[in-house]
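Here the structure is laid out as structure tokens; the discussion comes afterwards.
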Amino acid sequence: MTTTELPGLIFHTLTAEDGDGDRAALLRGWNEALLRGFHEGRLSEDHERHWLEATRADGIRMTGAWPSSVAVGDAAMPVATYASWGGELNVGAGHRVPLHMISDVTVSPTHRRRGLLRRLMVDDLRRAQQQGLALAALTASEGAIYGRFGFGPATRLRVVEVDVTSRFALRQPPVGDGSLELVEPEAAWETMRAVMERHCSATRGAVPWPAFYEPIMSGRYDFDAGGPNKKSRVVVHLDAHGTADGFAVYEHAGQVEGRGTVDAKALVGLTDAAHLALWRFLADVDLTERVRFRRHREVDPLDWALVDHRVVRTTSAYDLLWLRVLDVVAALEARPWYGDGTVVLGVEDSLGLTDGRWRVSVSEGRADVAPTDEPAEVRLSAETLGALYLGGIDVATLTAAGRVAGEDGALEQWSAMADGGPAPYCATGF
Ligand SMILES: CC(C)(COP(=O)(O)OP(=O)(O)OC[C@H]1O[C@@H](n2cnc3c(N)ncnc32)[C@H](O)[C@@H]1OP(=O)(O)O)[C@@H](O)C(=O)NCCC(=O)NCCS
């Protein structure tokens with residue numbers, strides 16, 4: 001469907017299938033505009049082929065705004081790009097629910113601040129809501145963009161540099177009779193995928209890898225370098241029965257700032273023993289004094305398993321998954337709860353998608369949620385509901401920040417119901 005909305009612009013929706021038809025130029029232009037938006041290099045044939053494969057596998061819906069005419073430029077290149085597709089989120093207690101995933105948001109500097117992002121985002125969120133999706137998610141380049149659209153930061157990570165000189169000493173060796181095997185990345189791909197699948201079922205906040213992770217993790221194609229990744233290595237951890245229960249993908253970066261450095265790209269351990277054994281392995285890589293990792297948990301067992309916890313230096317912390325509730329009843333009924341009771345929740349939503357009052361009654365860890373006309377006892381915005389949803393931040397902190405309001409008794413009741421469970425962890429950027 002093609003519609004003309006903002007003056008001088010035409011909106012199209014594309015899928016990977018358009019790569020074969022008369023809209024192939026638009027699809028290529030969309031990808032070129034995306035790369036331009038994120039200051040990356042120009043599209044090569046290989047890049048396009050791997051990108052199309054992944055885009056097709058995930059059924060990605062690409063929207064954008066194209067200039068209706070150009071004087072000297074390329075009319076096939078849009079001035080705005082936006083993509084969304086269906087994924088999954090572990091909302092806690094092993095429940096995996098469908099997730100509306102959003103990415104590739106760019107607006108050309110020539111067309112900033114005219115409401116293009118707003119138009120693409122609002123249309124897409126309404127459509128996802130009509131399709132019955134309860135939650136939408138994205139990862140954000142800047143922290144001030146998406147709150148206005150009802151997204152809140154729901155999971156956080158640390159960037160760490162781990163000193164793996166003789167200072168790296170675990171208090172005790174990782175327990176169990178596990179073993180490690182170095183496997184070529186391409187050969188390890190199916191194993192990584194299987195471990196990741198189990199990790200996503202076990203971990204609150206986890207999101208399965210979108211299809212574009214396959215070329216990256218298998219070393220087949222590195223979108224940044226524009227070719228196969230010849231430096232990537234994979235170590236697999238096996239339990240006592242020889243079943244893979246963890247892996248790490250890493251690269252030796254050589255001497256960086258005078259220190260032999262390993263960059264861990266992924267590290268997934270299904271058990272504490274596997275997690276610590278993989279760290280022990282990375283610490284033992286020869287010619288290495290430091291391991292860098294961008295996906296370290298806010299609170300990670302490694303820090304506490306070391307004789308000297310300062311060996312793990314946090315260089316920065318950041319949010320990864322931003323969540324947006326699209327269906328209050330379905331979203332709140334899907335997640336686990338931690339104390340019995342009833343609260344009438346008032347949600348303010350400037351996009352009008354979840355505005356209203358909702359009676360939330362919790363019994364034995366599950367909530368029964370229904371719209372109500374009763375007065376709200378606890379009030380918050382859609383953005384704050386997104387931040388609270390996975391339990392990554394507690395009610396008291398958001399109340400202290402002025403983002404949750406209500407009488408003391410109702411706030412305590414809401415906290416008793418909502419706070420608890422394991423901290424969410426998401427290591428899937430998209
Ligand atoms: C971020 C970006 C997509 C915004 O596009 P845009 O079309 O200019 O945004 P809109 O005109 O629709 O603005 C919508 C609202 O967001 C605000 N906004 C947009 N970009 C913002 C930013 N970087 N920081 C803070 N607020 C921002 C606008 O002020 C506007 O607010 P209002 O509706 O309350 O008036 C665009 O600046 C861009 O392409 N940036 C580079 C790529 C990038 O960072 N993409 C995001 C990836 S997660």
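Ordered as shown in the structure tokens, chains take letters A, B, and onward, while each chain numbers its residues from 1 and ligands are numbered from 1 in the order shown.
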Taking only residues of chain A that have an atom at most 9 Å from an atom of ligand 1, what is each one's shortest atom pair and its distance in Å to one decimal, using only C-alpha atoms and all ligand atoms, in chain and number order, as a Markdown table?
```
| residue | atom | partner | partner_atom_place_in_ligand_line | distance |
| --- | --- | --- | --- | --- |
| A:Leu34 | CA | ligand 1 | 42 (C) | 8.7 |
| A:Gly37 | CA | ligand 1 | 42 (C) | 5.5 |
| A:Phe38 | CA | ligand 1 | 42 (C) | 5.7 |
| A:His39 | CA | ligand 1 | 42 (C) | 8.7 |
| A:Ala80 | CA | ligand 1 | 39 (O) | 7.4 |
| A:Thr81 | CA | ligand 1 | 39 (O) | 8.3 |
| A:Tyr82 | CA | ligand 1 | 3 (C) | 8.7 |
| A:Ile102 | CA | ligand 1 | 48 (S) | 8.8 |
| A:Ser103 | CA | ligand 1 | 48 (S) | 6.6 |
| A:Asp104 | CA | ligand 1 | 47 (C) | 6.3 |
| A:Val105 | CA | ligand 1 | 45 (N) | 4.8 |
| A:Thr106 | CA | ligand 1 | 39 (O) | 3.4 |
| A:Val107 | CA | ligand 1 | 39 (O) | 3.7 |
| A:Ser108 | CA | ligand 1 | 39 (O) | 5.8 |
| A:Pro109 | CA | ligand 1 | 39 (O) | 7.1 |
| A:His111 | CA | ligand 1 | 7 (O) | 6.7 |
| A:Arg112 | CA | ligand 1 | 8 (O) | 3.6 |
| A:Arg113 | CA | ligand 1 | 11 (O) | 3.1 |
| A:Arg114 | CA | ligand 1 | 11 (O) | 4.2 |
| A:Gly115 | CA | ligand 1 | 12 (O) | 3.2 |
| A:Leu116 | CA | ligand 1 | 7 (O) | 3.9 |
| A:Leu117 | CA | ligand 1 | 12 (O) | 3.6 |
| A:Arg118 | CA | ligand 1 | 12 (O) | 3.8 |
| A:Arg119 | CA | ligand 1 | 12 (O) | 6.5 |
| A:Leu120 | CA | ligand 1 | 12 (O) | 8.0 |
| A:Met121 | CA | ligand 1 | 12 (O) | 8.3 |
| A:Leu138 | CA | ligand 1 | 48 (S) | 7.3 |
| A:Thr139 | CA | ligand 1 | 48 (S) | 5.9 |
| A:Ala140 | CA | ligand 1 | 48 (S) | 3.8 |
| A:Ser141 | CA | ligand 1 | 48 (S) | 4.4 |
| A:Glu142 | CA | ligand 1 | 23 (N) | 6.3 |
| A:Gly143 | CA | ligand 1 | 24 (N) | 7.4 |
| A:Ala144 | CA | ligand 1 | 25 (C) | 4.6 |
| A:Ile145 | CA | ligand 1 | 26 (N) | 4.5 |
| A:Tyr146 | CA | ligand 1 | 16 (O) | 7.3 |
| A:Arg148 | CA | ligand 1 | 34 (O) | 6.7 |
| A:Phe149 | CA | ligand 1 | 15 (C) | 8.5 |
```
Output the selection as a CSV table (one decimal), in the first residue's frame - N, CA and C atoms for each residue.
```
chain,number,residue,atom,x,y,z
A,34,LEU,N,19.7,3.4,5.4
A,34,LEU,CA,19.9,2.9,6.7
A,34,LEU,C,21.4,3.0,7.1
A,37,GLY,N,22.3,6.5,7.6
A,37,GLY,CA,21.8,7.0,8.9
A,37,GLY,C,22.6,6.6,10.0
A,38,PHE,N,23.3,5.4,10.0
A,38,PHE,CA,24.1,5.0,11.1
A,38,PHE,C,25.6,5.2,10.8
A,39,HIS,N,25.9,6.0,9.8
A,39,HIS,CA,27.3,6.4,9.4
A,39,HIS,C,28.2,5.2,9.1
A,80,ALA,N,13.7,8.5,5.4
A,80,ALA,CA,13.4,7.9,6.7
A,80,ALA,C,13.3,6.4,6.6
A,81,THR,N,13.9,5.6,7.5
A,81,THR,CA,13.7,4.1,7.5
A,81,THR,C,13.2,3.7,8.9
A,82,TYR,N,12.6,2.5,8.9
A,82,TYR,CA,12.0,2.0,10.1
A,82,TYR,C,11.7,0.5,9.8
A,102,ILE,N,11.4,-3.6,17.1
A,102,ILE,CA,11.6,-2.4,16.2
A,102,ILE,C,13.1,-2.1,16.1
A,103,SER,N,13.5,-1.7,14.9
A,103,SER,CA,14.9,-1.4,14.7
A,103,SER,C,15.0,-0.5,13.5
A,104,ASP,N,16.3,-0.2,13.2
A,104,ASP,CA,16.6,0.5,11.9
A,104,ASP,C,15.9,1.9,11.7
A,105,VAL,N,15.8,2.6,12.8
A,105,VAL,CA,15.1,3.9,12.8
A,105,VAL,C,16.1,5.0,12.4
A,106,THR,N,15.9,5.5,11.3
A,106,THR,CA,16.7,6.7,10.9
A,106,THR,C,15.9,7.7,10.2
A,107,VAL,N,16.3,9.0,10.4
A,107,VAL,CA,15.7,10.1,9.6
A,107,VAL,C,16.8,10.9,9.1
A,108,SER,N,16.8,11.2,7.8
A,108,SER,CA,17.9,11.9,7.2
A,108,SER,C,18.0,13.3,7.8
A,109,PRO,N,19.3,13.8,8.0
A,109,PRO,CA,19.4,15.2,8.5
A,109,PRO,C,18.7,16.3,7.8
A,111,HIS,N,15.7,16.0,6.9
A,111,HIS,CA,14.3,15.9,7.2
A,111,HIS,C,14.0,15.7,8.7
A,112,ARG,N,14.9,16.1,9.5
A,112,ARG,CA,14.8,16.0,11.0
A,112,ARG,C,13.6,16.8,11.5
A,113,ARG,N,13.1,16.4,12.6
A,113,ARG,CA,12.2,17.2,13.4
A,113,ARG,C,11.0,17.7,12.7
A,114,ARG,N,10.5,16.9,11.8
A,114,ARG,CA,9.2,17.2,11.1
A,114,ARG,C,8.2,16.2,11.4
A,115,GLY,N,8.5,15.3,12.3
A,115,GLY,CA,7.5,14.3,12.8
A,115,GLY,C,7.5,13.0,12.0
A,116,LEU,N,8.6,12.8,11.3
A,116,LEU,CA,8.7,11.5,10.5
A,116,LEU,C,8.8,10.3,11.4
A,117,LEU,N,9.7,10.4,12.4
A,117,LEU,CA,9.8,9.2,13.3
A,117,LEU,C,8.5,9.0,14.0
A,118,ARG,N,7.9,10.1,14.4
A,118,ARG,CA,6.6,10.0,15.1
A,118,ARG,C,5.5,9.3,14.2
A,119,ARG,N,5.5,9.7,13.0
A,119,ARG,CA,4.5,9.1,12.0
A,119,ARG,C,4.7,7.6,11.9
A,120,LEU,N,6.0,7.2,11.6
A,120,LEU,CA,6.3,5.8,11.4
A,120,LEU,C,6.1,5.0,12.6
A,121,MET,N,6.5,5.5,13.8
A,121,MET,CA,6.3,4.8,15.0
A,121,MET,C,4.9,4.6,15.4
A,138,LEU,N,12.6,-2.2,21.7
A,138,LEU,CA,13.6,-1.7,20.8
A,138,LEU,C,14.9,-1.5,21.6
A,139,THR,N,16.0,-1.2,21.0
A,139,THR,CA,17.2,-0.8,21.7
A,139,THR,C,17.5,0.6,21.2
A,140,ALA,N,18.0,1.5,22.0
A,140,ALA,CA,18.0,2.9,21.7
A,140,ALA,C,19.4,3.5,21.6
A,141,SER,N,19.6,4.3,20.6
A,141,SER,CA,21.0,5.0,20.5
A,141,SER,C,21.1,6.1,21.4
A,142,GLU,N,20.0,6.7,21.8
A,142,GLU,CA,20.0,7.8,22.8
A,142,GLU,C,18.9,7.6,23.8
A,143,GLY,N,19.0,8.1,25.0
A,143,GLY,CA,18.1,7.8,26.1
A,143,GLY,C,16.8,8.7,26.0
A,144,ALA,N,16.9,9.8,25.3
A,144,ALA,CA,15.8,10.8,25.4
A,144,ALA,C,14.8,10.7,24.2
A,145,ILE,N,14.9,9.7,23.4
A,145,ILE,CA,14.0,9.7,22.2
A,145,ILE,C,12.7,8.9,22.5
A,146,TYR,N,12.8,7.8,23.1
A,146,TYR,CA,11.6,6.8,23.1
A,146,TYR,C,10.6,6.9,24.2
A,148,ARG,N,8.8,9.3,25.1
A,148,ARG,CA,7.6,9.9,24.6
A,148,ARG,C,6.7,9.0,23.8
A,149,PHE,N,7.2,7.9,23.4
A,149,PHE,CA,6.4,6.9,22.7
A,149,PHE,C,6.0,5.7,23.6
```
Could you tell me, as a list of chain:residue names, which residues of range 192-262 of chain A DSSP assigns to alpha helix (DSSP H) when given the backbone?
-> A:Met192, A:Arg193, A:Ala194, A:Val195, A:Met196, A:Glu197, A:Arg198, A:His199, A:Cys200, A:Ser201, A:Ala202, A:Tyr213, A:Glu214, A:Pro215, A:Ile216, A:Met217
Using only C-alpha atoms, which residues sit within 7 Å of range 58-61 of chain A once same-chain residues fewer than 4 positions away are excluded, as a PDB file with C-alpha atoms, in the first residue's frame?
```
ATOM      1  CA  THR A  13       6.214  -0.725   3.006  1.00  0.00           C
ATOM      2  CA  LEU A  14       8.691  -3.336   1.773  1.00  0.00           C
ATOM      3  CA  THR A  15       9.690  -6.899   2.590  1.00  0.00           C
ATOM      4  CA  ALA A  54      18.239 -12.514   7.426  1.00  0.00           C
ATOM      5  CA  ALA A  83      11.750  -1.804  10.527  1.00  0.00           C
ATOM      6  CA  SER A  84       9.700  -4.162  12.678  1.00  0.00           C
ATOM      7  CA  TRP A  85       9.143  -7.903  12.979  1.00  0.00           C
ATOM      8  CA  PRO A 210      17.214 -12.340  15.261  1.00  0.00           C
ATOM      9  CA  ALA A 211      18.353 -14.073  12.060  1.00  0.00           C
TER      10      ALA A 211
END
```
Leu411 in chain A surroundings by only C-alpha atoms, 10 Å radius, close-in-sequence under 5 positions cut, as a count of residues only | 12
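With only C-alpha atoms as the atoms that count, the residue of A:Asp74, A:Ala253, A:Thr191, A:Val344 with the shortest distance to Glu407 in chain A is A:Val344.
The space between CA of Ala283 in chain A and CA of Lys230 in chain A spans 21.5 Å.
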Tell me, in Å to one decimal, how far CA of Arg295 in chain A is from CA of Leu390 in chain A.
-> 17.7 Å
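Interatomic distance, CA of Ala202 in chain A against CA of Ala188 in chain A: 21.1 Å.
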As a PyMOL selection string, list the residues of range 169-223 of chain A assigned to strand (DSSP E) by DSSP on the backbone atoms of this structure.
-> chain A and resi 179-183
Residues as selected, C-alpha atoms, written as a PDB file, in the first residue's frame, can you do that?
```pdb
ATOM      1  CA  SER A 179      34.839 -29.756  29.810  1.00  0.00           C
ATOM      2  CA  LEU A 180      35.660 -27.257  27.089  1.00  0.00           C
ATOM      3  CA  GLU A 181      36.136 -27.643  23.346  1.00  0.00           C
ATOM      4  CA  LEU A 182      37.339 -25.104  20.828  1.00  0.00           C
ATOM      5  CA  VAL A 183      35.091 -25.359  17.782  1.00  0.00           C
TER       6      VAL A 183
END
```
